[in-house]
file protein.pdb (PDB, C-alpha atoms)
ATOM      1  CA  MET A   9     -21.391  11.863 -10.721  1.00  0.00           C
ATOM      2  CA  TRP A  10     -18.228  13.855 -10.335  1.00  0.00           C
ATOM      3  CA  PRO A  11     -18.757  17.632 -10.630  1.00  0.00           C
ATOM      4  CA  PHE A  12     -16.605  18.191 -13.714  1.00  0.00           C
ATOM      5  CA  ARG A  13     -16.996  14.865 -15.530  1.00  0.00           C
ATOM      6  CA  ASP A  14     -17.933  15.109 -19.190  1.00  0.00           C
ATOM      7  CA  ALA A  15     -20.977  12.860 -19.695  1.00  0.00           C
ATOM      8  CA  ARG A  16     -19.765  11.484 -23.057  1.00  0.00           C
ATOM      9  CA  ASN A  17     -16.245  10.742 -21.817  1.00  0.00           C
ATOM     10  CA  ALA A  18     -15.159   8.521 -18.917  1.00  0.00           C
ATOM     11  CA  ILE A  19     -12.071  10.701 -18.341  1.00  0.00           C
ATOM     12  CA  PRO A  20     -12.877  13.727 -16.186  1.00  0.00           C
ATOM     13  CA  THR A  21     -12.402  17.242 -17.465  1.00  0.00           C
ATOM     14  CA  CYS A  22     -12.137  20.428 -15.458  1.00  0.00           C
ATOM     15  CA  GLU A  23     -11.563  24.137 -15.825  1.00  0.00           C
ATOM     16  CA  VAL A  24      -8.430  25.432 -14.144  1.00  0.00           C
ATOM     17  CA  GLU A  25      -6.815  28.838 -13.831  1.00  0.00           C
ATOM     18  CA  ASN A  26      -3.163  27.753 -14.345  1.00  0.00           C
ATOM     19  CA  THR A  27      -1.648  25.620 -17.092  1.00  0.00           C
ATOM     20  CA  ILE A  28       1.847  24.203 -17.455  1.00  0.00           C
ATOM     21  CA  GLY A  29       2.033  23.462 -21.173  1.00  0.00           C
ATOM     22  CA  ALA A  30       3.570  20.495 -22.946  1.00  0.00           C
ATOM     23  CA  GLY A  31       7.321  20.876 -23.301  1.00  0.00           C
ATOM     24  CA  SER A  32       7.533  23.147 -20.234  1.00  0.00           C
ATOM     25  CA  ARG A  33       9.724  22.144 -17.313  1.00  0.00           C
ATOM     26  CA  VAL A  34       9.408  23.679 -13.846  1.00  0.00           C
ATOM     27  CA  CYS A  35      11.994  23.066 -11.136  1.00  0.00           C
ATOM     28  CA  GLY A  36      10.427  24.187  -7.866  1.00  0.00           C
ATOM     29  CA  ASP A  37       7.156  24.171  -5.989  1.00  0.00           C
ATOM     30  CA  LEU A  38       3.868  25.450  -7.431  1.00  0.00           C
ATOM     31  CA  ALA A  39       1.171  26.986  -5.252  1.00  0.00           C
ATOM     32  CA  GLY A  40      -1.946  28.847  -6.222  1.00  0.00           C
ATOM     33  CA  PRO A  41      -5.477  29.732  -5.164  1.00  0.00           C
ATOM     34  CA  GLY A  42      -7.050  28.012  -8.177  1.00  0.00           C
ATOM     35  CA  GLY A  43      -6.379  24.753  -9.954  1.00  0.00           C
ATOM     36  CA  PHE A  44      -3.572  23.483 -12.201  1.00  0.00           C
ATOM     37  CA  ARG A  45      -3.421  21.548 -15.435  1.00  0.00           C
ATOM     38  CA  ILE A  46       0.014  20.028 -15.938  1.00  0.00           C
ATOM     39  CA  ASP A  47       0.973  18.833 -19.407  1.00  0.00           C
ATOM     40  CA  GLY A  48       4.683  19.472 -18.895  1.00  0.00           C
ATOM     41  CA  ALA A  49       7.146  18.315 -16.225  1.00  0.00           C
ATOM     42  CA  ILE A  50       7.215  19.524 -12.614  1.00  0.00           C
ATOM     43  CA  GLU A  51      10.092  18.769 -10.248  1.00  0.00           C
ATOM     44  CA  GLY A  52       8.611  19.912  -6.959  1.00  0.00           C
ATOM     45  CA  ALA A  53       5.402  20.005  -4.962  1.00  0.00           C
ATOM     46  CA  VAL A  54       2.060  21.186  -6.343  1.00  0.00           C
ATOM     47  CA  ASP A  55      -0.295  22.856  -3.844  1.00  0.00           C
ATOM     48  CA  ALA A  56      -3.670  24.072  -5.121  1.00  0.00           C
ATOM     49  CA  ASP A  57      -6.982  25.107  -3.607  1.00  0.00           C
ATOM     50  CA  GLY A  58      -8.809  23.803  -6.670  1.00  0.00           C
ATOM     51  CA  PRO A  59      -8.478  20.748  -8.884  1.00  0.00           C
ATOM     52  CA  VAL A  60      -5.149  19.420 -10.199  1.00  0.00           C
ATOM     53  CA  LEU A  61      -5.067  17.590 -13.522  1.00  0.00           C
ATOM     54  CA  VAL A  62      -1.889  15.871 -14.724  1.00  0.00           C
ATOM     55  CA  GLY A  63      -2.336  15.361 -18.481  1.00  0.00           C
ATOM     56  CA  GLU A  64      -1.233  12.293 -20.439  1.00  0.00           C
ATOM     57  CA  GLY A  65       2.084  13.914 -21.304  1.00  0.00           C
ATOM     58  CA  GLY A  66       2.510  15.478 -17.869  1.00  0.00           C
ATOM     59  CA  SER A  67       4.698  14.337 -15.003  1.00  0.00           C
ATOM     60  CA  VAL A  68       5.180  15.445 -11.418  1.00  0.00           C
ATOM     61  CA  GLU A  69       8.203  14.471  -9.317  1.00  0.00           C
ATOM     62  CA  GLY A  70       6.879  15.622  -5.951  1.00  0.00           C
ATOM     63  CA  SER A  71       3.780  15.708  -3.808  1.00  0.00           C
ATOM     64  CA  ILE A  72       0.398  16.980  -4.987  1.00  0.00           C
ATOM     65  CA  ARG A  73      -2.205  18.622  -2.761  1.00  0.00           C
ATOM     66  CA  GLY A  74      -5.534  19.701  -4.231  1.00  0.00           C
ATOM     67  CA  LYS A  75      -9.287  19.531  -3.963  1.00  0.00           C
ATOM     68  CA  ASP A  76      -9.767  16.928  -6.694  1.00  0.00           C
ATOM     69  CA  VAL A  77      -6.827  15.286  -8.458  1.00  0.00           C
ATOM     70  CA  VAL A  78      -6.874  13.580 -11.859  1.00  0.00           C
ATOM     71  CA  VAL A  79      -3.766  11.704 -13.014  1.00  0.00           C
ATOM     72  CA  LEU A  80      -3.588  10.821 -16.700  1.00  0.00           C
ATOM     73  CA  GLY A  81       0.231  11.036 -16.792  1.00  0.00           C
ATOM     74  CA  ARG A  82       2.860  10.185 -14.150  1.00  0.00           C
ATOM     75  CA  VAL A  83       3.183  11.205 -10.502  1.00  0.00           C
ATOM     76  CA  ARG A  84       6.069  10.144  -8.316  1.00  0.00           C
ATOM     77  CA  GLY A  85       5.175  11.436  -4.862  1.00  0.00           C
ATOM     78  CA  ASP A  86       2.371  11.538  -2.337  1.00  0.00           C
ATOM     79  CA  VAL A  87      -1.097  12.719  -3.362  1.00  0.00           C
ATOM     80  CA  HIS A  88      -3.462  14.411  -0.910  1.00  0.00           C
ATOM     81  CA  ALA A  89      -6.920  15.192  -2.282  1.00  0.00           C
ATOM     82  CA  SER A  90      -9.527  16.745  -0.041  1.00  0.00           C
ATOM     83  CA  GLY A  91     -12.091  15.370  -2.509  1.00  0.00           C
ATOM     84  CA  HIS A  92     -11.619  12.746  -5.205  1.00  0.00           C
ATOM     85  CA  LEU A  93      -8.580  11.109  -6.851  1.00  0.00           C
ATOM     86  CA  GLU A  94      -8.914   9.548 -10.267  1.00  0.00           C
ATOM     87  CA  ILE A  95      -6.162   7.639 -12.090  1.00  0.00           C
ATOM     88  CA  GLY A  96      -6.796   7.340 -15.824  1.00  0.00           C
ATOM     89  CA  PRO A  97      -6.049   4.372 -18.107  1.00  0.00           C
ATOM     90  CA  LYS A  98      -2.480   5.576 -18.758  1.00  0.00           C
ATOM     91  CA  GLY A  99      -2.015   7.238 -15.371  1.00  0.00           C
ATOM     92  CA  LYS A 100       0.639   6.143 -12.911  1.00  0.00           C
ATOM     93  CA  VAL A 101       0.989   7.127  -9.246  1.00  0.00           C
ATOM     94  CA  VAL A 102       3.978   5.921  -7.235  1.00  0.00           C
ATOM     95  CA  GLY A 103       3.485   7.189  -3.702  1.00  0.00           C
ATOM     96  CA  ASP A 104       1.012   7.246  -0.850  1.00  0.00           C
ATOM     97  CA  ILE A 105      -2.447   8.727  -1.270  1.00  0.00           C
ATOM     98  CA  THR A 106      -4.816  10.361   1.215  1.00  0.00           C
ATOM     99  CA  VAL A 107      -8.240  10.903  -0.339  1.00  0.00           C
ATOM    100  CA  GLN A 108     -11.962  10.958   0.383  1.00  0.00           C
ATOM    101  CA  SER A 109     -12.768   8.825  -2.681  1.00  0.00           C
ATOM    102  CA  PHE A 110     -10.707   7.034  -5.297  1.00  0.00           C
ATOM    103  CA  ARG A 111     -11.213   5.587  -8.771  1.00  0.00           C
ATOM    104  CA  MET A 112      -8.695   3.850 -11.004  1.00  0.00           C
ATOM    105  CA  HIS A 113      -9.414   3.021 -14.633  1.00  0.00           C
ATOM    106  CA  THR A 114      -8.315  -0.242 -16.229  1.00  0.00           C
ATOM    107  CA  GLY A 115      -4.669   0.145 -17.193  1.00  0.00           C
ATOM    108  CA  GLY A 116      -3.932   2.703 -14.481  1.00  0.00           C
ATOM    109  CA  VAL A 117      -1.114   2.024 -12.016  1.00  0.00           C
ATOM    110  CA  PHE A 118      -0.990   2.800  -8.298  1.00  0.00           C
ATOM    111  CA  ARG A 119       1.939   1.698  -6.149  1.00  0.00           C
ATOM    112  CA  GLY A 120       1.809   2.828  -2.531  1.00  0.00           C
ATOM    113  CA  THR A 121      -0.531   2.919   0.432  1.00  0.00           C
ATOM    114  CA  SER A 122      -3.915   4.560   0.620  1.00  0.00           C
ATOM    115  CA  CYS A 123      -5.679   6.307   3.459  1.00  0.00           C
ATOM    116  CA  MET A 124      -9.274   7.498   3.521  1.00  0.00           C
ATOM    117  CA  PRO A 125      -9.725   9.629   6.637  1.00  0.00           C
ATOM    118  CA  GLY A 126     -13.011   9.215   8.441  1.00  0.00           C
ATOM    119  CA  GLY A 127     -13.448   5.639   7.246  1.00  0.00           C
ATOM    120  CA  GLU A 128     -12.434   4.171  10.609  1.00  0.00           C
ATOM    121  CA  ASP A 129     -15.723   5.071  12.271  1.00  0.00           C
ATOM    122  CA  ARG A 130     -17.705   3.204   9.591  1.00  0.00           C
ATOM    123  CA  LEU A 131     -15.891  -0.111  10.100  1.00  0.00           C
ATOM    124  CA  PRO A 132     -16.739  -2.476  12.943  1.00  0.00           C
ATOM    125  CA  ALA A 133     -13.981  -2.709  15.527  1.00  0.00           C
ATOM    126  CA  LEU A 134     -12.017  -5.931  15.750  1.00  0.00           C
ATOM    127  CA  THR A 135     -12.214  -7.354  19.237  1.00  0.00           C
ATOM    128  CA  ALA A 136      -9.984 -10.034  20.669  1.00  0.00           C
ATOM    129  CA  ASN A 137     -11.962 -12.944  22.044  1.00  0.00           C
ATOM    130  CA  SER A 138     -10.214 -14.327  25.123  1.00  0.00           C
ATOM    131  CA  ASP A 139     -11.503 -17.837  24.348  1.00  0.00           C
ATOM    132  CA  SER A 140      -9.797 -17.993  20.973  1.00  0.00           C
ATOM    133  CA  GLY A 141      -6.194 -17.787  19.851  1.00  0.00           C
ATOM    134  CA  MET A 142      -6.818 -14.231  18.621  1.00  0.00           C
ATOM    135  CA  ALA A 143      -6.133 -12.838  22.097  1.00  0.00           C
ATOM    136  CA  ARG A 144      -2.610 -14.254  21.983  1.00  0.00           C
ATOM    137  CA  ARG A 145      -1.901 -13.363  18.351  1.00  0.00           C
ATOM    138  CA  GLY A 146      -3.275  -9.859  18.199  1.00  0.00           C
ATOM    139  CA  ARG A 147      -5.913  -8.445  15.888  1.00  0.00           C
ATOM    140  CA  THR A 148      -5.822 -11.137  13.242  1.00  0.00           C
ATOM    141  CA  LEU A 149      -8.940 -12.477  11.613  1.00  0.00           C
ATOM    142  CA  PRO A 150      -9.391 -16.249  11.739  1.00  0.00           C
ATOM    143  CA  PRO A 151      -8.759 -18.114   8.469  1.00  0.00           C
ATOM    144  CA  PRO A 152     -11.797 -18.979   6.352  1.00  0.00           C
ATOM    145  CA  ASN A 153     -13.169 -22.503   6.515  1.00  0.00           C
ATOM    146  CA  GLY A 154     -10.824 -24.962   4.859  1.00  0.00           C
ATOM    147  CA  ALA A 155      -7.808 -22.632   5.021  1.00  0.00           C
ATOM    148  CA  VAL A 156      -4.586 -23.599   6.698  1.00  0.00           C
ATOM    149  CA  PRO A 157      -4.200 -21.814  10.057  1.00  0.00           C
ATOM    150  CA  PRO A 158      -0.992 -19.948  10.845  1.00  0.00           C
ATOM    151  CA  PRO A 159       1.794 -21.872  12.592  1.00  0.00           C
ATOM    152  CA  PRO A 160       1.731 -21.911  16.398  1.00  0.00           C
ATOM    153  CA  THR A 161       3.711 -19.339  18.338  1.00  0.00           C
ATOM    154  CA  LEU A 162       6.719 -20.275  20.448  1.00  0.00           C
ATOM    155  CA  ALA A 163       4.680 -19.725  23.618  1.00  0.00           C
ATOM    156  CA  GLU A 164       2.144 -22.295  22.399  1.00  0.00           C
ATOM    157  CA  ILE A 165       4.731 -24.988  21.664  1.00  0.00           C
ATOM    158  CA  ALA A 166       7.074 -24.336  24.640  1.00  0.00           C
ATOM    159  CA  PRO A 167       5.328 -26.885  26.909  1.00  0.00           C
ATOM    160  CA  LEU A 168       5.895 -29.522  24.248  1.00  0.00           C
ATOM    161  CA  LEU A 169       9.613 -28.821  24.112  1.00  0.00           C
ATOM    162  CA  LEU A 170      10.283 -29.344  27.828  1.00  0.00           C
ATOM    163  CA  MET A 171      11.461 -32.858  28.729  1.00  0.00           C
ATOM    164  CA  PRO A 172      11.247 -34.297  32.249  1.00  0.00           C
ATOM    165  CA  ASP A 173      14.551 -34.936  34.076  1.00  0.00           C
ATOM    166  CA  GLU A 174      13.983 -38.693  34.272  1.00  0.00           C
ATOM    167  CA  ALA A 175      13.642 -39.014  30.503  1.00  0.00           C
ATOM    168  CA  VAL A 176      16.263 -41.404  29.207  1.00  0.00           C
ATOM    169  CA  SER A 177      17.240 -41.810  25.616  1.00  0.00           C
ATOM    170  CA  HIS A 178      16.640 -45.253  24.192  1.00  0.00           C
ATOM    171  CA  GLU A 179      18.862 -44.716  21.176  1.00  0.00           C
ATOM    172  CA  ARG A 180      21.812 -47.023  20.751  1.00  0.00           C
ATOM    173  CA  LEU A 181      24.985 -46.149  19.027  1.00  0.00           C
ATOM    174  CA  LEU A 182      25.816 -48.846  16.538  1.00  0.00           C
ATOM    175  CA  THR A 183      29.335 -49.096  15.222  1.00  0.00           C
ATOM    176  CA  SER A 184      31.062 -51.691  13.184  1.00  0.00           C
ATOM    177  CA  GLU A 185      34.387 -53.295  14.086  1.00  0.00           C
ATOM    178  CA  ALA A 186      36.040 -51.411  11.213  1.00  0.00           C
ATOM    179  CA  ASP A 187      34.905 -48.116  12.701  1.00  0.00           C
ATOM    180  CA  GLU A 188      36.309 -49.109  16.136  1.00  0.00           C
ATOM    181  CA  GLY A 189      39.655 -49.983  14.569  1.00  0.00           C
ATOM    182  CA  ARG A 190      40.000 -46.564  12.938  1.00  0.00           C
ATOM    183  CA  GLU A 191      39.318 -44.831  16.239  1.00  0.00           C
ATOM    184  CA  THR A 192      42.091 -46.664  18.085  1.00  0.00           C
ATOM    185  CA  GLY A 193      44.551 -46.383  15.214  1.00  0.00           C
ATOM    186  CA  THR A 194      44.898 -50.136  14.506  1.00  0.00           C
TER     187      THR A 194
END
call {"tool": "encode", "arguments": {"input": "protein.pdb", "output": "structure tokens"}}
result
Amino acid sequence: MWPFRDARNAIPTCEVENTIGAGSRVCGDLAGPGGFRIDGAIEGAVDADGPVLVGEGGSVEGSIRGKDVVVLGRVRGDVHASGHLEIGPKGKVVGDITVQSFRMHTGGVFRGTSCMPGGEDRLPALTANSDSGMARRGRTLPPPNGAVPPPPTLAEIAPLLLMPDEAVSHERLLTSEADEGRETGT
């Protein structure tokens, strides 16, 4: 369970030292040793040592860096949480996220890329098998059974495109007498 989650409510709550109230508008960066609750509008970066909560009426046009980040409003910028990121049912994040853990409620929106540092060592490494086509195509997983494989590469079909010198075309050009007459001008 998340450290400041209210047991009777699925939306997390937290105590913060700094509040930007509804109707307030800040143009510039915010930085502080504690956390922030943002119910107004911020045009700039938010950098906190504690949690950052963007309320339902809040918006941030800039990056957010904090321990735990909760988005119930709108964020247009990158989010870096050293702990957890949670996007509420009306929350919207447009930007890249770097987090340790992530939860998005039904109705929440996230558009961007995500990165969870330290997760690489928990995944098995992809290895290219020299006997398969993966060695030629890179680190691509084979298609599941019954799926259509990707088209062949140019290197794979090049031998099929080469024609021997003694190859002769067996096509015949058929023309009618009317066509011959037009060519000679008669």
call {"tool": "atom_distance", "arguments": {"input": "protein.pdb", "atom1": "CA of Ile46 (chain A)", "atom2": "CA of Ala30 (chain A)"}}
result
7.9 Å
call {"tool": "closest_residue", "arguments": {"input": "protein.pdb", "among": "A:Pro159, A:Gly70, A:Gly48, A:Pro97", "to": "Thr27 (chain A)", "atoms": "all atoms listed in the file"}}
result
A:Gly48
call {"tool": "atom_distance", "arguments": {"input": "protein.pdb", "atom1": "CA of Gly116 (chain A)", "atom2": "CA of Gly31 (chain A)"}}
result
23.1 Å
call {"tool": "closest_residue", "arguments": {"input": "protein.pdb", "among": "A:Gly91, A:Pro158, A:Gly52, A:Gly115", "to": "Ser71 (chain A)", "atoms": "only C-alpha atoms"}}
result
A:Gly52
call {"tool": "atom_distance", "arguments": {"input": "protein.pdb", "atom1": "CA of Phe110 (chain A)", "atom2": "CA of Arg33 (chain A)"}}
result
28.1 Å
call {"tool": "resolve_selection", "arguments": {"input": "protein.pdb", "expression": "the PyMOL selection byres ((chain A and resi 88) around 12)", "output": "MDAnalysis selection string"}}
result
chainID A and resid 53:57 59:60 70:78 85:87 89:94 101 103:110 121:125
call {"tool": "resolve_selection", "arguments": {"input": "protein.pdb", "expression": "the PyMOL selection byres ((chain A and resi 99) around 12)", "output": "ChimeraX atom specification"}}
result
/A:19,61-68,77-84,93-98,100-102,111-119
call {"tool": "residues_near_point", "arguments": {"input": "protein.pdb", "point": "(8.7, 20.5, -10.2)", "cutoff": "6 Å", "atoms": "only C-alpha atoms", "output": "PyMOL selection string"}}
result
chain A and resi 34-37+50-52
call {"tool": "closest_residue", "arguments": {"input": "protein.pdb", "among": "A:Pro167, A:Gly126, A:Gly120, A:Asn26", "to": "Pro41 (chain A)", "atoms": "all atoms listed in the file"}}
result
A:Asn26
